[in-house]
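A.B. asks: Quick one: the structure is below, and I'll ask about it shortly.
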Amino acid sequence: MPSTSSVLSAYTTFTASAMLVRTVIKEVQTLTNQIIPKPIQELILSKLGGFVRNQASPQMTIIIEEFNGYSMNQLYESSEIYLRTKINPSFNRVKVSKSPKEKSLTLTINKGEKIIDKFEGIQLIWEITTKDEKDRKHDATKNRVIELSFDKKYMEQVLST
């Protein structure tokens, strides 16, 4: 049985790959919308008979919140530790911290960064975001969230590991 770190590593690789593909597709769509007028786009899509739309695979996104009620979500902690191993020079921003008990700096992926990863041939996209919520005092709070996105057809495979 593979170790936890190798499984998380595989998840991260898969997610980062999925995020890259999603980003490329969004950029192509944006570029197309800027260059080709909307009526011509609709004409092309109607002539293709929906072929392009049917080829795009729907994405599933799993939301991993930092807290589960008032306690820390262990899955969030594990995912965050795994994602730290994926920090590389291509990132624009990383968070750095050091507590009095630690001997070295701790690097963490910053909000908005995406990591495309591959796990058992499945592309996974990890993204760090925040979720606005109201607490009991009705003050707005921001909870950290990790979003894990992948092709829906791999849902059982991803969730079972």
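Residues are named by chain letter and number: chains run A, B, ... in the order of the structure tokens, numbers start at 1 in each chain, and ligands are numbered from 1 in the order shown.
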So which residues touch Phe14 (chain A) within 6 Å, counting only C-alpha atoms, skipping near sequence neighbours fewer than 2 positions away, as a PyMOL selection string?

C.D. replies: chain A and resi 11-12+16-17+116-119+122-124

A.B. asks: Need to verify the contact set: Asn73 (chain A), 12 Å, only C-alpha atoms, exclusion of same-chain residues closer than 6 positions in sequence. Can you return it as a list in words?

C.D. replies: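 Everything that qualifies: Ile63, Ile64, Glu65, Glu66, Phe67, Ser79, Glu80, Asn143, Arg144, Val145 and Ile146 of chain A.
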
A.B. asks: Write the residues you've just listed into a file as a CSV table (one decimal), in the first residue's frame, and include N, CA and C atoms for each of them.

C.D. replies:
chain,number,residue,atom,x,y,z
A,63,ILE,N,-14.7,20.7,-1.8
A,63,ILE,CA,-14.4,21.9,-0.9
A,63,ILE,C,-13.9,21.3,0.4
A,64,ILE,N,-12.7,21.7,0.8
A,64,ILE,CA,-12.1,21.2,2.0
A,64,ILE,C,-11.9,22.5,2.9
A,65,GLU,N,-12.8,22.7,3.9
A,65,GLU,CA,-12.7,23.9,4.7
A,65,GLU,C,-11.7,23.7,5.8
A,66,GLU,N,-11.1,24.8,6.3
A,66,GLU,CA,-10.1,24.7,7.4
A,66,GLU,C,-10.7,24.2,8.7
A,67,PHE,N,-12.0,24.6,8.9
A,67,PHE,CA,-12.6,24.2,10.2
A,67,PHE,C,-13.8,23.4,9.9
A,79,SER,N,-3.9,18.2,3.6
A,79,SER,CA,-3.8,18.7,2.3
A,79,SER,C,-2.8,19.9,2.2
A,80,GLU,N,-2.9,20.7,3.3
A,80,GLU,CA,-2.0,21.9,3.3
A,80,GLU,C,-0.5,21.4,3.4
A,143,ASN,N,-12.9,32.1,6.1
A,143,ASN,CA,-12.3,30.8,6.4
A,143,ASN,C,-11.5,30.3,5.2
A,144,ARG,N,-10.4,29.8,5.5
A,144,ARG,CA,-9.5,29.3,4.4
A,144,ARG,C,-10.1,28.0,3.9
A,145,VAL,N,-10.1,27.8,2.6
A,145,VAL,CA,-10.6,26.7,1.9
A,145,VAL,C,-9.7,26.2,0.8
A,146,ILE,N,-9.6,24.9,0.7
A,146,ILE,CA,-8.8,24.3,-0.4
A,146,ILE,C,-9.9,23.6,-1.3

A.B. asks: Give the answer as one residue: which of A:Thr161, A:Ile62, A:Pro39, A:Ser46 has the shortest atom-to-atom distance to Tyr76 (chain A), using only C-alpha atoms?

C.D. replies: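 Closest to Tyr76 (chain A) of all the choices is A:Ile62.
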
A.B. asks: Would you list, as a PyMOL selection string, the residues of region 13-131 of chain A that end up in alpha helix (DSSP H) under DSSP run on this structure's backbone?

C.D. replies: chain A and resi 13-35+38-47+51-55+74-84

A.B. asks: Need to verify the contact set: Ile87 (chain A), 8 Å, only C-alpha atoms, exclusion of same-chain residues closer than 2 positions in sequence. Can you return it as a VMD selection string?

C.D. replies: chain A and resid 83 to 85 89 91 107 to 109

A.B. asks: Take the residues from that selection and put them in a file with C-alpha atoms, as a CSV table (one decimal), in the first residue's frame.

C.D. replies:
chain,number,residue,atom,x,y,z
A,83,LEU,CA,0.7,21.2,-0.9
A,84,ARG,CA,3.7,22.7,0.8
A,85,THR,CA,5.8,20.0,-0.9
A,89,PRO,CA,9.7,28.9,-8.3
A,91,PHE,CA,4.6,30.6,-7.8
A,107,LEU,CA,6.3,28.2,3.4
A,108,THR,CA,2.6,28.0,2.6
A,109,ILE,CA,0.7,28.4,-0.6

A.B. asks: Interatomic distance between CA of Thr61 (chain A) and CA of Leu148 (chain A)?

C.D. replies: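 Computing it gives 5.4 Å between the two atoms.
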
A.B. asks: Among region 2-139 of chain A, which ones does DSSP assign to strand (DSSP E or B) (computed from the backbone)? Answer as a VMD selection string.

C.D. replies: chain A and resid 59 to 65 67 to 68 71 to 72 94 to 97 106 to 109 114 to 119 122 to 134

A.B. asks: Convert the current residue selection to file output with N, CA and C atoms, as a JSON list (two decimals), in the first residue's frame.

C.D. replies:
[["chain", "number", "residue", "atom", "x", "y", "z"],
["A", 59, "GLN", "N", -16.54, 19.17, -14.59],
["A", 59, "GLN", "CA", -15.61, 19.11, -13.46],
["A", 59, "GLN", "C", -16.36, 18.93, -12.15],
["A", 60, "MET", "N", -15.74, 18.20, -11.24],
["A", 60, "MET", "CA", -16.22, 18.05, -9.86],
["A", 60, "MET", "C", -15.25, 18.82, -8.99],
["A", 61, "THR", "N", -15.76, 19.58, -8.05],
["A", 61, "THR", "CA", -14.91, 20.31, -7.11],
["A", 61, "THR", "C", -15.27, 19.90, -5.69],
["A", 62, "ILE", "N", -14.26, 19.47, -4.95],
["A", 62, "ILE", "CA", -14.43, 19.11, -3.55],
["A", 62, "ILE", "C", -13.94, 20.30, -2.73],
["A", 63, "ILE", "N", -14.74, 20.74, -1.79],
["A", 63, "ILE", "CA", -14.39, 21.86, -0.92],
["A", 63, "ILE", "C", -13.88, 21.30, 0.40],
["A", 64, "ILE", "N", -12.65, 21.66, 0.76],
["A", 64, "ILE", "CA", -12.05, 21.23, 2.02],
["A", 64, "ILE", "C", -11.88, 22.47, 2.87],
["A", 65, "GLU", "N", -12.76, 22.66, 3.85],
["A", 65, "GLU", "CA", -12.71, 23.85, 4.70],
["A", 65, "GLU", "C", -11.71, 23.65, 5.84],
["A", 67, "PHE", "N", -11.96, 24.60, 8.94],
["A", 67, "PHE", "CA", -12.59, 24.20, 10.20],
["A", 67, "PHE", "C", -13.83, 23.37, 9.93],
["A", 68, "ASN", "N", -14.05, 22.39, 10.79],
["A", 68, "ASN", "CA", -15.25, 21.57, 10.78],
["A", 68, "ASN", "C", -15.99, 21.91, 12.07],
["A", 71, "SER", "N", -13.72, 22.80, 15.36],
["A", 71, "SER", "CA", -12.44, 22.07, 15.38],
["A", 71, "SER", "C", -11.77, 22.12, 14.01],
["A", 72, "MET", "N", -10.46, 21.95, 14.04],
["A", 72, "MET", "CA", -9.67, 21.97, 12.81],
["A", 72, "MET", "C", -9.99, 20.73, 11.98],
["A", 94, "VAL", "N", 4.05, 33.31, -1.96],
["A", 94, "VAL", "CA", 3.90, 32.28, -0.93],
["A", 94, "VAL", "C", 3.88, 32.98, 0.42],
["A", 95, "LYS", "N", 3.22, 32.36, 1.39],
["A", 95, "LYS", "CA", 3.21, 32.90, 2.74],
["A", 95, "LYS", "C", 4.37, 32.27, 3.50],
["A", 96, "VAL", "N", 5.02, 33.08, 4.34],
["A", 96, "VAL", "CA", 6.14, 32.62, 5.15],
["A", 96, "VAL", "C", 5.82, 32.89, 6.61],
["A", 97, "SER", "N", 6.09, 31.90, 7.47],
["A", 97, "SER", "CA", 5.87, 32.09, 8.90],
["A", 97, "SER", "C", 6.91, 31.30, 9.68],
["A", 106, "THR", "N", 8.40, 28.35, 7.60],
["A", 106, "THR", "CA", 7.37, 27.51, 7.01],
["A", 106, "THR", "C", 6.79, 28.25, 5.82],
["A", 107, "LEU", "N", 6.86, 27.64, 4.64],
["A", 107, "LEU", "CA", 6.28, 28.21, 3.44],
["A", 107, "LEU", "C", 4.90, 27.60, 3.23],
["A", 108, "THR", "N", 3.93, 28.43, 2.88],
["A", 108, "THR", "CA", 2.57, 27.98, 2.63],
["A", 108, "THR", "C", 2.09, 28.62, 1.34],
["A", 109, "ILE", "N", 1.28, 27.90, 0.61],
["A", 109, "ILE", "CA", 0.72, 28.42, -0.63],
["A", 109, "ILE", "C", -0.29, 29.51, -0.30],
["A", 114, "LYS", "N", -2.83, 28.19, -7.72],
["A", 114, "LYS", "CA", -3.36, 26.90, -8.14],
["A", 114, "LYS", "C", -2.19, 25.94, -8.36],
["A", 115, "ILE", "N", -2.43, 24.70, -8.03],
["A", 115, "ILE", "CA", -1.42, 23.67, -8.25],
["A", 115, "ILE", "C", -2.08, 22.59, -9.11],
["A", 116, "ILE", "N", -1.44, 22.27, -10.21],
["A", 116, "ILE", "CA", -1.93, 21.22, -11.09],
["A", 116, "ILE", "C", -1.13, 19.97, -10.77],
["A", 117, "ASP", "N", -1.84, 18.89, -10.50],
["A", 117, "ASP", "CA", -1.24, 17.66, -10.01],
["A", 117, "ASP", "C", -1.79, 16.49, -10.82],
["A", 118, "LYS", "N", -1.13, 15.35, -10.71],
["A", 118, "LYS", "CA", -1.59, 14.14, -11.38],
["A", 118, "LYS", "C", -1.56, 12.99, -10.39],
["A", 119, "PHE", "N", -2.65, 12.21, -10.33],
["A", 119, "PHE", "CA", -2.73, 11.06, -9.45],
["A", 119, "PHE", "C", -3.35, 9.91, -10.23],
["A", 122, "ILE", "N", -4.98, 10.80, -13.31],
["A", 122, "ILE", "CA", -6.09, 11.75, -13.19],
["A", 122, "ILE", "C", -5.53, 13.13, -12.88],
["A", 123, "GLN", "N", -5.96, 14.11, -13.65],
["A", 123, "GLN", "CA", -5.50, 15.47, -13.40],
["A", 123, "GLN", "C", -6.30, 16.09, -12.26],
["A", 124, "LEU", "N", -5.58, 16.62, -11.27],
["A", 124, "LEU", "CA", -6.20, 17.28, -10.12],
["A", 124, "LEU", "C", -5.76, 18.73, -10.09],
["A", 125, "ILE", "N", -6.66, 19.62, -9.72],
["A", 125, "ILE", "CA", -6.34, 21.03, -9.57],
["A", 125, "ILE", "C", -6.64, 21.44, -8.14],
["A", 126, "TRP", "N", -5.61, 21.87, -7.44],
["A", 126, "TRP", "CA", -5.75, 22.35, -6.07],
["A", 126, "TRP", "C", -5.74, 23.87, -6.11],
["A", 127, "GLU", "N", -6.66, 24.50, -5.40],
["A", 127, "GLU", "CA", -6.68, 25.97, -5.33],
["A", 127, "GLU", "C", -6.98, 26.39, -3.90],
["A", 128, "ILE", "N", -6.20, 27.37, -3.43],
["A", 128, "ILE", "CA", -6.40, 27.93, -2.10],
["A", 128, "ILE", "C", -7.30, 29.15, -2.24],
["A", 129, "THR", "N", -8.42, 29.16, -1.51],
["A", 129, "THR", "CA", -9.34, 30.30, -1.56],
["A", 129, "THR", "C", -9.81, 30.62, -0.14],
["A", 130, "THR", "N", -10.72, 31.57, -0.04],
["A", 130, "THR", "CA", -11.36, 31.86, 1.24],
["A", 130, "THR", "C", -12.87, 31.86, 1.04],
["A", 131, "LYS", "N", -13.57, 31.61, 2.11],
["A", 131, "LYS", "CA", -15.03, 31.58, 2.08],
["A", 131, "LYS", "C", -15.53, 32.55, 3.13],
["A", 132, "ASP", "N", -16.34, 33.51, 2.71],
["A", 132, "ASP", "CA", -16.91, 34.47, 3.65],
["A", 132, "ASP", "C", -18.08, 33.84, 4.39],
["A", 133, "GLU", "N", -18.06, 33.97, 5.70],
["A", 133, "GLU", "CA", -19.16, 33.47, 6.52],
["A", 133, "GLU", "C", -19.44, 34.46, 7.63],
["A", 134, "LYS", "N", -20.59, 34.33, 8.23],
["A", 134, "LYS", "CA", -20.93, 35.17, 9.38],
["A", 134, "LYS", "C", -20.88, 34.29, 10.62]]
